[in-house]
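To start, the structure itself, in structure tokens.
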Amino acid sequence: MKRLKRKVFNAGLVLLLCSPMLAEDIRLLPPQFEKNATLLEALKNRCSERSFSEKELSLQQLSNLLWAAVGVNRPDDEKRTAPTARNAQEIDVYVAMKTGLYLYNAKDHILVFIHANDIRSKTGKQKFTETAPVNLIYVADFDKMNGDEETKIFYSATDTGFISQNVYLYCAAEGLGTVVRGWVDKDKLAIEMKLRPEQHITLAQTVGYIKQE
Ligand SMILES: Cc1cc2nc3c(=O)[nH]c(=O)nc-3n(C[C@H](O)[C@H](O)[C@H](O)COP(=O)(O)O)c2cc1C
């Protein structure tokens with residue numbers, strides 16, 4: 001019995017050591033609902049910002065940001081903070097940070113490690129993307145959608161807009177800066193992200209502390 005237990009323990013240890021990708025996932029914190037600005041205050045302050053400091057977001061801010069963007073707000077049927085046409089939930093939110101590229105898994109509220117390359121500079125053609133702490137990349141998975149190509153393009157662009165506005169409002173409420181961006185070399189970025197042909201980048205969005213001049 002003792003030997004069996006040791007074998008199971010060793011197997012677990014080997015599995016852990018052989019799974020560096022799992023070790024790099026970021027377990028997010030539950031969203032904080034207290035201390036927030038009112039919705040009207042957030043709307044009053046919403047704006048695009050293009051000057052970011054290099055200061056990192058806290059884990060709580062990162063957690064709140066992703067939950068606000070597209071988190072599960074009704075666990076019973078796994079529906080989200082942002083609507084999607086036909087509830088396709090086709091927009092994946094990738095997160096490019098200094099430590100690498102991650103994918104937000106809303107169901108488990110976790111950032112899944114994709115790779116360790118710092119691809120922030122590839123997420124847009126504007127200089128601030130290189131050093132701002134967080135660049136979100138919105139990716140439509142056409143495999144999750146029905147209809148013709150035109151419908152998929154229209155709905156995925158629309159659905160991205162809702163997510164982006166959630167991020168704008170969270171940032172306005174938290175005193176963070178953000179700007180949504182279409183000026184992205186999508187083909188090059190898709191290669192850096194190792195996307196499948198059915199995955200289409202719609203927009204990117206930078207988030208960070210506002211640089212005080
Ligand atoms: C679809 C879309 C694409 C955008 N692309 C960029 C961009 O690539 N770079 C940028 O600096 N701002 C971009 N913006 C931000 C707009 O320039 C900004 O929203 C507009 O100037 C109004 O400013 P406001 O957001 O502060 O109201 C984009 C906005 C939208 C909605």
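Within each chain, counting starts at residue 1; across the structure tokens, chains are named A, B, ... in the order shown, with ligands numbered 1 upward in that order.
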Tell me, as a ChimeraX atom specification, which residues lie within 8 Å of Glu56 (chain A), counting only C-alpha atoms; anything in the same chain fewer than 6 positions away does not count.
-> /A:133,208-209
With N, CA and C atoms retained, could you export that selection as a JSON list (two decimals), in the first residue's frame?
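In the end it all went to result.json:
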```json
[["chain", "number", "residue", "atom", "x", "y", "z"],
["A", 133, "PRO", "N", 1.63, 47.82, -19.84],
["A", 133, "PRO", "CA", 1.69, 46.48, -19.22],
["A", 133, "PRO", "C", 0.77, 45.44, -19.85],
["A", 208, "GLY", "N", -3.45, 50.30, -19.08],
["A", 208, "GLY", "CA", -2.35, 50.55, -18.15],
["A", 208, "GLY", "C", -2.60, 51.81, -17.35],
["A", 209, "TYR", "N", -1.67, 52.09, -16.45],
["A", 209, "TYR", "CA", -1.73, 53.37, -15.73],
["A", 209, "TYR", "C", -1.41, 54.50, -16.70]]
```
What residues have any atom no more than 8 Å from ligand 1 when counting only C-alpha atoms and all ligand atoms, and can you list them as an NGL selection string?
-> :A and (46-50 or 124-126 or 161 or 179-184 or 203)
Contacts of region 127-131 of chain A at 7 Å (only C-alpha atoms; same-chain gap of 6+ positions) as number ranges by chain = A: 50-52, 54, 120-121, 206
With a distance cut-off of 7 Å and only C-alpha atoms, select the neighbouring residues of Tyr104 (chain A), excluding the residue or stretch itself and same-chain residues fewer than 6 positions from it, and output the selection as a PyMOL selection string.
-> chain A and resi 93-94+110-112
Quick one: write out the picked residues with N, CA and C atoms as a PDB file, in the first residue's frame?
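This went into again.pdb:
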```pdb
ATOM      1  N   VAL A  93     -10.462  36.451 -25.617  1.00  0.00           N
ATOM      2  CA  VAL A  93      -9.625  37.580 -25.198  1.00  0.00           C
ATOM      3  C   VAL A  93      -8.234  37.049 -24.832  1.00  0.00           C
ATOM      4  N   TYR A  94      -7.269  37.425 -25.659  1.00  0.00           N
ATOM      5  CA  TYR A  94      -5.866  37.089 -25.371  1.00  0.00           C
ATOM      6  C   TYR A  94      -5.234  38.277 -24.655  1.00  0.00           C
ATOM      7  N   ILE A 110      -9.455  32.142 -15.326  1.00  0.00           N
ATOM      8  CA  ILE A 110      -8.024  31.850 -15.241  1.00  0.00           C
ATOM      9  C   ILE A 110      -7.367  32.330 -16.534  1.00  0.00           C
ATOM     10  N   LEU A 111      -6.112  32.737 -16.436  1.00  0.00           N
ATOM     11  CA  LEU A 111      -5.373  33.087 -17.649  1.00  0.00           C
ATOM     12  C   LEU A 111      -4.527  31.890 -18.037  1.00  0.00           C
ATOM     13  N   VAL A 112      -4.827  31.328 -19.170  1.00  0.00           N
ATOM     14  CA  VAL A 112      -4.122  30.130 -19.627  1.00  0.00           C
ATOM     15  C   VAL A 112      -2.866  30.558 -20.392  1.00  0.00           C
TER      16      VAL A 112
END
```
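Taking only C-alpha atoms into account, Val167 (chain A) lies nearest to A:Ala69 out of the set A:Leu103, A:Leu43, A:Ile114, A:Ala69.
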So which bits of region 151-185 of chain A end up strand (DSSP E) when you DSSP the backbone, as an NGL selection string?
-> :A and (177-181)
Would you write out those residues with N, CA and C atoms, as a PDB file, in the first residue's frame?
```pdb
ATOM      1  N   GLY A 177      -5.921  53.892 -17.839  1.00  0.00           N
ATOM      2  CA  GLY A 177      -6.058  54.355 -19.214  1.00  0.00           C
ATOM      3  C   GLY A 177      -6.274  53.180 -20.157  1.00  0.00           C
ATOM      4  N   THR A 178      -6.938  53.449 -21.256  1.00  0.00           N
ATOM      5  CA  THR A 178      -7.140  52.401 -22.269  1.00  0.00           C
ATOM      6  C   THR A 178      -7.415  53.036 -23.625  1.00  0.00           C
ATOM      7  N   VAL A 179      -7.103  52.272 -24.670  1.00  0.00           N
ATOM      8  CA  VAL A 179      -7.518  52.682 -26.017  1.00  0.00           C
ATOM      9  C   VAL A 179      -7.724  51.416 -26.859  1.00  0.00           C
ATOM     10  N   VAL A 180      -8.838  51.372 -27.556  1.00  0.00           N
ATOM     11  CA  VAL A 180      -9.090  50.245 -28.461  1.00  0.00           C
ATOM     12  C   VAL A 180      -8.399  50.570 -29.776  1.00  0.00           C
ATOM     13  N   ARG A 181      -7.882  49.527 -30.447  1.00  0.00           N
ATOM     14  CA  ARG A 181      -7.050  49.797 -31.613  1.00  0.00           C
ATOM     15  C   ARG A 181      -7.343  48.857 -32.783  1.00  0.00           C
TER      16      ARG A 181
END
```
re CA of Gln199 (chain A) and CA of His109 (chain A): distance 21.4 Å
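Using only C-alpha atoms for every distance, the candidate list A:Lys107, A:Lys122, A:Lys55, A:Arg27 yields A:Lys122 as the residue closest to Leu189 (chain A).
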Excluding Phe162 (chain A) and residues on its chain fewer than 5 positions from it, collect all residues at most 12 Å away from it, counting only C-alpha atoms, and give them as a ChimeraX atom specification.
-> /A:68-70,80-85,89,91,138,155-157,167-169,180,203
Nearby residues (only C-alpha atoms) at most 12 Å from Glu34 (chain A), same-chain spacing under 5 positions excluded, as number ranges by chain | A: 64, 173-174
CA of Thr158 (chain A) and CA of Val134 (chain A), how far apart in Å?
-> 22.6 Å
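Of the listed residues (A:Asn135, A:Asp108, A:Thr38, A:Lys186), A:Asn135 comes nearest to Leu65 (chain A); the distances count only C-alpha atoms.
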